[in-house]
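Step one of this worksheet: look at the structure below.
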Amino acid sequence: MTDIQTRVLRGAAPAKMLHQAIDSAKQLYEDQNGSTPTLATLLVGNDAAALAYRSSIERTFKKVNLRHRKVELPATVSNQQLGDAIRALNIDPGINGILVLMPLPSHLDPHVVLETISPLKDVDGISPVNAGRLHLGLPSLRPSTPAGGLELLRYYGVDLNGANVAVVGRSNVVGRPLSTMLSHANATVTLCHSRTRGLSQHLRRAEIVCVAAGSPGLITGRMIRKGALVLDFGVNVNDQGKVVGDSDLASLEGIASAVTPTPGGTGPVTAMVLARNVLAAAFAQMEGTLDALQELEAMLRCPLPDISEFLDPIELQGEA
Ligand code: NAP
C-alpha cells in the first residue's frame, strides 16, 4: 500500500447535524408539553475535570436552548446525602435528565449513583436498567460518549457491518458500552484493557481502533495496521498543560486512514448526544416507559446531510 493521506475527522460537522435534529424534536416537545427539557448536573466538591465537563455542558445547552440546572453539594457529603440529593431530583417534575459529574470525592461510592438514579432520567445510561437494556438490545438511554462515537462514524460514512474493531478501555461509561453498541452494529469487537497481553497484536488486526484509556499517547503508528481508523475518546492534560487524547497523532500520520483530533473530535459530538438524550428522556417520561425510545429513535436520529464529506465515505482496509 502506498503512503496514506490521513484524514482528520472533526466532531463539529456531526455535532451540527445532531443540533438540527435536537431543534425539531425540542419544538415538538414544547408544543406537546409546554415546557423546555431540563438537565440537572450534580457536582460534589470541586474537581477540575468535573468542573470542565460541566462548563462544556453549559455551553452546549445554551447553544441548543435546553435548560441546565446546576446542583452542588459540598465534598464532605455522605453516601446517604448523595443518594438523598439524587432521589430529590428523581421526583422533581421540572427535571428531565440527571447527570452526576465524575469523579466523586474518594470517600463516596459511585454505586450509590447507579443504584439511585431513575432509569427514565438517567441520561448517561449508567443505571443497571439502562445498561442491561443496552446489552439486551432493548430501547434504552445510552451513554453519550460511545453513542457520540457511533454518530461520528455514521456521519463520515464508516460501514461497521462486519468490521474488525478493537476497543481499548472497558469502563462502564465508555469502553464497555461502546463495545456493546459496536457489536449490535454488526462489528466484530475485541475489548482490550490494562491487563491485555500483547495489545498491539490485537490492534493490528483491527480496521478501527477505538481508545478510551485516559493514557496520553498510548496508541502510536507502530501499533496499528496501515489504513486503520483511530477513534480517540481520551481527554488528558499532558506535561506541557495541553489537552491531548490517547493517541499519538504525529506518529499516526501517513499510517492511519483517519483519526479524530483532541480536542475537537469526539468531544463536541458527546455533548450534543447528551442534549439529545435529555430530550429523549423527556419524551419517554411523558409515556412513562423506556420502550417509548424505540419510536423516538427515528425522530432523534437525524438524516445524514448531503454534503461532500459524505460523498467520500471512509473505506476500511481489509487484511493486513
Ligand atoms: P476509566 O474509567 O479510567 O477507564 C479506563 C480504561 O482504560 C480501563 O478499562 C483501563 O483498564 C483501560 N486502560 C488504562 N490504561 C491502559 C493501557 N495502558 N492499556 C490498555 N488499557 C488501558 O476511564 P473512562 O471514564 O472510560 O475514560 C477514558 C478516557 O476517556 C479518559 O481520558 C476520559 O477523560 C475520556 N472521556 C472522554 C469523553 C469524551 O466525550 N470524549 C467522555 C468521557 C471520558 P482496566 O479496566 O484494566 O483498569
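Residue numbering restarts at 1 in every chain; chains get A, B, ... in the order shown in the C-alpha cells, and ligands count up from 1 in that same order.
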Can I get the residues of chain A within 7 Å of ligand 1, each with the closest pair of atoms and their distance in Å to one decimal, using only C-alpha atoms and all ligand atoms, sorted chain first then ascending number, as a tab-separated table?
residue	atom	partner	partner_atom_place_in_ligand_line	distance
A:Thr145	CA	ligand 1	40 (O)	4.7
A:Val168	CA	ligand 1	21 (N)	5.3
A:Gly169	CA	ligand 1	7 (O)	3.4
A:Arg170	CA	ligand 1	9 (O)	3.7
A:Ser171	CA	ligand 1	26 (O)	4.4
A:Asn172	CA	ligand 1	26 (O)	6.9
A:Val173	CA	ligand 1	26 (O)	5.8
A:Val174	CA	ligand 1	26 (O)	4.7
A:Gly175	CA	ligand 1	26 (O)	5.9
A:Cys192	CA	ligand 1	21 (N)	6.1
A:His193	CA	ligand 1	21 (N)	3.5
A:Ser194	CA	ligand 1	21 (N)	3.6
A:Arg195	CA	ligand 1	47 (O)	5.3
A:Thr196	CA	ligand 1	20 (C)	6.6
A:Ala212	CA	ligand 1	28 (C)	4.0
A:Ala213	CA	ligand 1	7 (O)	3.2
A:Gly214	CA	ligand 1	32 (O)	3.2
A:Ser215	CA	ligand 1	15 (N)	5.6
A:Leu218	CA	ligand 1	18 (N)	6.4
A:Phe233	CA	ligand 1	41 (N)	4.0
A:Gly234	CA	ligand 1	32 (O)	3.5
A:Val235	CA	ligand 1	32 (O)	4.0
A:Asn236	CA	ligand 1	32 (O)	5.3
A:Gly245	CA	ligand 1	32 (O)	6.8
A:Asp246	CA	ligand 1	32 (O)	6.8
A:Thr266	CA	ligand 1	41 (N)	5.0
A:Gly267	CA	ligand 1	40 (O)	4.1
A:Thr270	CA	ligand 1	40 (O)	4.8
Dump N, CA and C atoms for the selected residues as a PDB file, in the first residue's frame?
ATOM      1  N   THR A 145     -21.032   9.338  25.427  1.00  0.00           N
ATOM      2  CA  THR A 145     -19.710   9.323  24.768  1.00  0.00           C
ATOM      3  C   THR A 145     -19.630   8.229  23.696  1.00  0.00           C
ATOM      4  N   VAL A 168     -10.082  -0.054  23.240  1.00  0.00           N
ATOM      5  CA  VAL A 168      -9.133  -0.056  24.359  1.00  0.00           C
ATOM      6  C   VAL A 168      -9.776   0.721  25.507  1.00  0.00           C
ATOM      7  N   GLY A 169     -10.073   0.030  26.593  1.00  0.00           N
ATOM      8  CA  GLY A 169     -10.775   0.631  27.744  1.00  0.00           C
ATOM      9  C   GLY A 169     -12.101  -0.081  27.919  1.00  0.00           C
ATOM     10  N   ARG A 170     -12.413  -0.431  29.179  1.00  0.00           N
ATOM     11  CA  ARG A 170     -13.638  -1.207  29.447  1.00  0.00           C
ATOM     12  C   ARG A 170     -14.462  -0.565  30.553  1.00  0.00           C
ATOM     13  N   SER A 171     -14.402   0.763  30.670  1.00  0.00           N
ATOM     14  CA  SER A 171     -15.182   1.399  31.732  1.00  0.00           C
ATOM     15  C   SER A 171     -16.674   1.303  31.398  1.00  0.00           C
ATOM     16  N   ASN A 172     -17.490   1.475  32.431  1.00  0.00           N
ATOM     17  CA  ASN A 172     -18.944   1.364  32.230  1.00  0.00           C
ATOM     18  C   ASN A 172     -19.528   2.553  31.480  1.00  0.00           C
ATOM     19  N   VAL A 173     -18.765   3.655  31.362  1.00  0.00           N
ATOM     20  CA  VAL A 173     -19.313   4.827  30.650  1.00  0.00           C
ATOM     21  C   VAL A 173     -18.823   4.946  29.221  1.00  0.00           C
ATOM     22  N   VAL A 174     -17.672   4.358  28.902  1.00  0.00           N
ATOM     23  CA  VAL A 174     -17.175   4.498  27.530  1.00  0.00           C
ATOM     24  C   VAL A 174     -16.898   3.124  26.888  1.00  0.00           C
ATOM     25  N   GLY A 175     -15.806   2.481  27.274  1.00  0.00           N
ATOM     26  CA  GLY A 175     -15.345   1.304  26.527  1.00  0.00           C
ATOM     27  C   GLY A 175     -16.338   0.161  26.447  1.00  0.00           C
ATOM     28  N   CYS A 192     -10.141  -4.519  24.808  1.00  0.00           N
ATOM     29  CA  CYS A 192      -8.823  -4.565  25.467  1.00  0.00           C
ATOM     30  C   CYS A 192      -8.823  -3.668  26.704  1.00  0.00           C
ATOM     31  N   HIS A 193      -7.886  -3.929  27.601  1.00  0.00           N
ATOM     32  CA  HIS A 193      -7.808  -3.159  28.857  1.00  0.00           C
ATOM     33  C   HIS A 193      -6.390  -3.239  29.386  1.00  0.00           C
ATOM     34  N   SER A 194      -6.198  -2.789  30.614  1.00  0.00           N
ATOM     35  CA  SER A 194      -4.819  -2.683  31.108  1.00  0.00           C
ATOM     36  C   SER A 194      -4.168  -4.048  31.336  1.00  0.00           C
ATOM     37  N   ARG A 195      -4.966  -5.108  31.433  1.00  0.00           N
ATOM     38  CA  ARG A 195      -4.379  -6.443  31.632  1.00  0.00           C
ATOM     39  C   ARG A 195      -4.227  -7.201  30.308  1.00  0.00           C
ATOM     40  N   THR A 196      -4.596  -6.573  29.205  1.00  0.00           N
ATOM     41  CA  THR A 196      -4.495  -7.259  27.913  1.00  0.00           C
ATOM     42  C   THR A 196      -3.023  -7.534  27.603  1.00  0.00           C
ATOM     43  N   ALA A 212     -10.258   4.622  24.736  1.00  0.00           N
ATOM     44  CA  ALA A 212     -10.783   5.394  25.869  1.00  0.00           C
ATOM     45  C   ALA A 212     -10.080   4.860  27.103  1.00  0.00           C
ATOM     46  N   ALA A 213      -8.808   5.207  27.224  1.00  0.00           N
ATOM     47  CA  ALA A 213      -7.986   4.651  28.311  1.00  0.00           C
ATOM     48  C   ALA A 213      -7.552   5.717  29.305  1.00  0.00           C
ATOM     49  N   GLY A 214      -7.566   6.975  28.883  1.00  0.00           N
ATOM     50  CA  GLY A 214      -7.063   8.028  29.767  1.00  0.00           C
ATOM     51  C   GLY A 214      -5.548   7.967  29.887  1.00  0.00           C
ATOM     52  N   SER A 215      -4.881   7.607  28.784  1.00  0.00           N
ATOM     53  CA  SER A 215      -3.424   7.454  28.793  1.00  0.00           C
ATOM     54  C   SER A 215      -2.846   8.172  27.567  1.00  0.00           C
ATOM     55  N   LEU A 218      -0.962   6.745  24.108  1.00  0.00           N
ATOM     56  CA  LEU A 218      -0.926   5.272  24.199  1.00  0.00           C
ATOM     57  C   LEU A 218      -0.888   4.608  22.817  1.00  0.00           C
ATOM     58  N   PHE A 233     -11.241   8.791  22.283  1.00  0.00           N
ATOM     59  CA  PHE A 233     -12.133   9.411  23.276  1.00  0.00           C
ATOM     60  C   PHE A 233     -11.358  10.045  24.425  1.00  0.00           C
ATOM     61  N   GLY A 234     -10.076   9.797  24.481  1.00  0.00           N
ATOM     62  CA  GLY A 234      -9.279  10.237  25.628  1.00  0.00           C
ATOM     63  C   GLY A 234      -9.249  11.753  25.764  1.00  0.00           C
ATOM     64  N   VAL A 235      -9.311  12.221  26.984  1.00  0.00           N
ATOM     65  CA  VAL A 235      -9.141  13.653  27.270  1.00  0.00           C
ATOM     66  C   VAL A 235      -8.144  13.733  28.424  1.00  0.00           C
ATOM     67  N   ASN A 236      -6.941  14.168  28.121  1.00  0.00           N
ATOM     68  CA  ASN A 236      -5.884  14.209  29.129  1.00  0.00           C
ATOM     69  C   ASN A 236      -5.168  15.547  29.049  1.00  0.00           C
ATOM     70  N   GLY A 245      -5.394  13.620  23.438  1.00  0.00           N
ATOM     71  CA  GLY A 245      -6.156  12.371  23.508  1.00  0.00           C
ATOM     72  C   GLY A 245      -5.275  11.220  23.951  1.00  0.00           C
ATOM     73  N   ASP A 246      -5.718  10.005  23.629  1.00  0.00           N
ATOM     74  CA  ASP A 246      -4.952   8.809  23.986  1.00  0.00           C
ATOM     75  C   ASP A 246      -4.100   8.335  22.814  1.00  0.00           C
ATOM     76  N   THR A 266     -14.222  13.642  19.211  1.00  0.00           N
ATOM     77  CA  THR A 266     -15.408  13.012  19.801  1.00  0.00           C
ATOM     78  C   THR A 266     -16.140  13.937  20.784  1.00  0.00           C
ATOM     79  N   GLY A 267     -15.402  14.845  21.428  1.00  0.00           N
ATOM     80  CA  GLY A 267     -15.982  15.691  22.489  1.00  0.00           C
ATOM     81  C   GLY A 267     -17.237  16.454  22.076  1.00  0.00           C
ATOM     82  N   THR A 270     -20.212  14.152  21.735  1.00  0.00           N
ATOM     83  CA  THR A 270     -20.693  13.679  23.047  1.00  0.00           C
ATOM     84  C   THR A 270     -21.674  14.679  23.652  1.00  0.00           C
TER      85      THR A 270
END
Could you give me, as number ranges by chain, each residue of stretch 47-287 of chain A that DSSP assigns to alpha helix (DSSP H) when run on this structure's backbone?
A: 48-64, 79-90, 110-116, 128-136, 144-155, 175-184, 199-204, 249-252, 266-287
Can you build me a table of stretch 2-120 of chain A residues sitting at most 12 Å from stretch 131-137 of chain A, with the closest atom pair per residue and its distance in Å to one decimal, using only C-alpha atoms, sorted by chain and residue number, as CSV?
residue,atom,partner,partner_atom,distance
A:Leu114,CA,A:Ala131,CA,9.9
A:Glu115,CA,A:Ala131,CA,11.6
A:Pro119,CA,A:Ala131,CA,9.6
Based on DSSP run over this structure's backbone, return all residues of stretch 213-246 of chain A in strand (DSSP E), as a list in words.
Leu229, Val230, Leu231, Asp232, Asn236, Val237, Val243 and Val244 of chain A
Pick from A:Ser118, A:Ser183, A:Thr190, A:Gln5 nearest to A:Asn130, counting only C-alpha atoms:
A:Ser118
Let me make sure I understand: among A:Ile4, A:Ala40, A:Leu182, A:Leu199, which one has the smallest atom-to-atom distance to A:Leu153 if we use only C-alpha atoms?
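Residue with the minimum atom-to-atom distance to A:Leu153: A:Leu182.
When only C-alpha atoms are used to measure the gap to A:Ala49, the shortest distance among A:Ala12, A:Leu231, A:Val237, A:Asp124 belongs to A:Val237.
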Taking 5 positions as the minimum chain separation for residues in the same chain, which residues sit within 9 Å of A:Val209 when counting only C-alpha atoms? Answer as an NGL selection string.
:A and (164-168 or 203-204 or 219 or 224 or 228-232)
Which residue is closest to A:Asp84? Choose from A:Gly34, A:Val112, A:Asp159, A:Ser251 and count only C-alpha atoms.
A:Val112
Quick one: everything within 7 Å of stretch 61-74 of chain A, counting only C-alpha atoms, minus sequence neighbours fewer than 3 positions away in the same chain. Send it as a PyMOL selection string.
chain A and resi 19+23+36-45+57-58+77+275
Which residues are close to A:Leu293, i.e. within 12 Å by only C-alpha atoms, leaving aside same-chain residues fewer than 4 positions away? Reply as a PDB file with N, CA and C atoms, in the first residue's frame.
ATOM      1  N   LEU A 120     -35.467   6.491  33.964  1.00  0.00           N
ATOM      2  CA  LEU A 120     -36.085   7.394  32.977  1.00  0.00           C
ATOM      3  C   LEU A 120     -35.394   8.763  32.926  1.00  0.00           C
ATOM      4  N   ASN A 130     -30.704   0.713  32.409  1.00  0.00           N
ATOM      5  CA  ASN A 130     -30.303   1.143  31.056  1.00  0.00           C
ATOM      6  C   ASN A 130     -29.135   0.313  30.523  1.00  0.00           C
ATOM      7  N   ARG A 133     -30.537  -3.025  29.523  1.00  0.00           N
ATOM      8  CA  ARG A 133     -31.361  -2.942  28.307  1.00  0.00           C
ATOM      9  C   ARG A 133     -30.477  -2.740  27.078  1.00  0.00           C
ATOM     10  N   LEU A 134     -29.413  -1.961  27.226  1.00  0.00           N
ATOM     11  CA  LEU A 134     -28.487  -1.794  26.095  1.00  0.00           C
ATOM     12  C   LEU A 134     -27.906  -3.157  25.718  1.00  0.00           C
ATOM     13  N   LEU A 138     -32.547  -3.723  23.952  1.00  0.00           N
ATOM     14  CA  LEU A 138     -33.858  -3.088  24.169  1.00  0.00           C
ATOM     15  C   LEU A 138     -33.686  -1.573  24.170  1.00  0.00           C
ATOM     16  N   PRO A 139     -34.766  -0.810  23.872  1.00  0.00           N
ATOM     17  CA  PRO A 139     -34.640   0.646  23.881  1.00  0.00           C
ATOM     18  C   PRO A 139     -34.132   1.130  25.235  1.00  0.00           C
ATOM     19  N   SER A 140     -33.134   2.012  25.213  1.00  0.00           N
ATOM     20  CA  SER A 140     -32.545   2.483  26.473  1.00  0.00           C
ATOM     21  C   SER A 140     -31.923   3.854  26.252  1.00  0.00           C
ATOM     22  N   LEU A 141     -31.664   4.536  27.363  1.00  0.00           N
ATOM     23  CA  LEU A 141     -30.855   5.753  27.296  1.00  0.00           C
ATOM     24  C   LEU A 141     -29.399   5.282  27.281  1.00  0.00           C
ATOM     25  N   ARG A 142     -28.645   5.728  26.261  1.00  0.00           N
ATOM     26  CA  ARG A 142     -27.300   5.182  26.050  1.00  0.00           C
ATOM     27  C   ARG A 142     -26.228   6.179  26.455  1.00  0.00           C
ATOM     28  N   ARG A 276     -29.369  15.469  23.265  1.00  0.00           N
ATOM     29  CA  ARG A 276     -30.402  14.642  22.622  1.00  0.00           C
ATOM     30  C   ARG A 276     -30.988  13.645  23.623  1.00  0.00           C
ATOM     31  N   ASN A 277     -30.132  13.106  24.481  1.00  0.00           N
ATOM     32  CA  ASN A 277     -30.624  12.155  25.491  1.00  0.00           C
ATOM     33  C   ASN A 277     -31.586  12.818  26.469  1.00  0.00           C
ATOM     34  N   VAL A 278     -31.339  14.100  26.776  1.00  0.00           N
ATOM     35  CA  VAL A 278     -32.253  14.805  27.688  1.00  0.00           C
ATOM     36  C   VAL A 278     -33.633  14.919  27.029  1.00  0.00           C
ATOM     37  N   LEU A 279     -33.636  15.217  25.746  1.00  0.00           N
ATOM     38  CA  LEU A 279     -34.906  15.277  25.008  1.00  0.00           C
ATOM     39  C   LEU A 279     -35.574  13.907  24.960  1.00  0.00           C
ATOM     40  N   ALA A 280     -34.770  12.890  24.663  1.00  0.00           N
ATOM     41  CA  ALA A 280     -35.316  11.530  24.587  1.00  0.00           C
ATOM     42  C   ALA A 280     -35.919  11.146  25.931  1.00  0.00           C
ATOM     43  N   ALA A 281     -35.205  11.481  27.023  1.00  0.00           N
ATOM     44  CA  ALA A 281     -35.696  11.157  28.365  1.00  0.00           C
ATOM     45  C   ALA A 281     -37.006  11.893  28.629  1.00  0.00           C
ATOM     46  N   ALA A 282     -37.069  13.161  28.208  1.00  0.00           N
ATOM     47  CA  ALA A 282     -38.281  13.961  28.447  1.00  0.00           C
ATOM     48  C   ALA A 282     -39.478  13.324  27.731  1.00  0.00           C
ATOM     49  N   PHE A 283     -39.292  12.891  26.494  1.00  0.00           N
ATOM     50  CA  PHE A 283     -40.381  12.226  25.759  1.00  0.00           C
ATOM     51  C   PHE A 283     -40.753  10.901  26.445  1.00  0.00           C
ATOM     52  N   ALA A 284     -39.736  10.134  26.841  1.00  0.00           N
ATOM     53  CA  ALA A 284     -40.004   8.829  27.478  1.00  0.00           C
ATOM     54  C   ALA A 284     -40.770   9.025  28.783  1.00  0.00           C
ATOM     55  N   GLN A 285     -40.466  10.118  29.503  1.00  0.00           N
ATOM     56  CA  GLN A 285     -41.191  10.383  30.757  1.00  0.00           C
ATOM     57  C   GLN A 285     -42.670  10.676  30.490  1.00  0.00           C
ATOM     58  N   MET A 286     -42.965  11.319  29.355  1.00  0.00           N
ATOM     59  CA  MET A 286     -44.377  11.576  29.019  1.00  0.00           C
ATOM     60  C   MET A 286     -45.130  10.255  28.881  1.00  0.00           C
ATOM     61  N   GLU A 287     -44.436   9.251  28.318  1.00  0.00           N
ATOM     62  CA  GLU A 287     -45.073   7.934  28.110  1.00  0.00           C
ATOM     63  C   GLU A 287     -44.918   7.043  29.334  1.00  0.00           C
ATOM     64  N   GLY A 288     -43.964   7.385  30.209  1.00  0.00           N
ATOM     65  CA  GLY A 288     -43.742   6.596  31.420  1.00  0.00           C
ATOM     66  C   GLY A 288     -42.974   5.306  31.193  1.00  0.00           C
ATOM     67  N   THR A 289     -42.332   5.174  30.035  1.00  0.00           N
ATOM     68  CA  THR A 289     -41.595   3.933  29.769  1.00  0.00           C
ATOM     69  C   THR A 289     -40.418   4.160  28.818  1.00  0.00           C
ATOM     70  N   GLU A 297     -36.545   7.019  18.270  1.00  0.00           N
ATOM     71  CA  GLU A 297     -35.250   6.853  17.624  1.00  0.00           C
ATOM     72  C   GLU A 297     -35.231   7.470  16.225  1.00  0.00           C
ATOM     73  N   ALA A 298     -36.303   7.193  15.453  1.00  0.00           N
ATOM     74  CA  ALA A 298     -36.343   7.699  14.079  1.00  0.00           C
ATOM     75  C   ALA A 298     -36.335   9.228  14.075  1.00  0.00           C
ATOM     76  N   MET A 299     -37.075   9.843  15.011  1.00  0.00           N
ATOM     77  CA  MET A 299     -37.151  11.303  15.042  1.00  0.00           C
ATOM     78  C   MET A 299     -35.814  11.917  15.486  1.00  0.00           C
ATOM     79  N   LEU A 300     -35.197  11.260  16.462  1.00  0.00           N
ATOM     80  CA  LEU A 300     -33.976  11.841  17.034  1.00  0.00           C
ATOM     81  C   LEU A 300     -32.718  11.433  16.269  1.00  0.00           C
ATOM     82  N   ARG A 301     -32.893  10.488  15.359  1.00  0.00           N
ATOM     83  CA  ARG A 301     -31.742  10.048  14.564  1.00  0.00           C
ATOM     84  C   ARG A 301     -31.801  10.825  13.260  1.00  0.00           C
TER      85      ARG A 301
END
Atom CA of A:Arg176 to atom CA of A:Leu191: how many Å, to one decimal?
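These two atoms are separated by 7.6 Å.
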Counting only C-alpha atoms, figure out which residue out of A:Leu252, A:Leu51, A:Ala292, A:Leu152 gets nearest to A:Pro268.
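Checking each candidate against A:Pro268, we get A:Leu152 as the closest.
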Residue with smallest distance to A:Gly227 - pool A:Asp239, A:Leu104, A:Leu316, A:Arg154, counting only C-alpha atoms:
A:Leu316
Just give me the gap between atom CA of A:Met223 and atom CA of A:Ile255 in Å, one decimal is fine.
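Separating atom CA of A:Met223 from atom CA of A:Ile255 is a distance of 10.1 Å.
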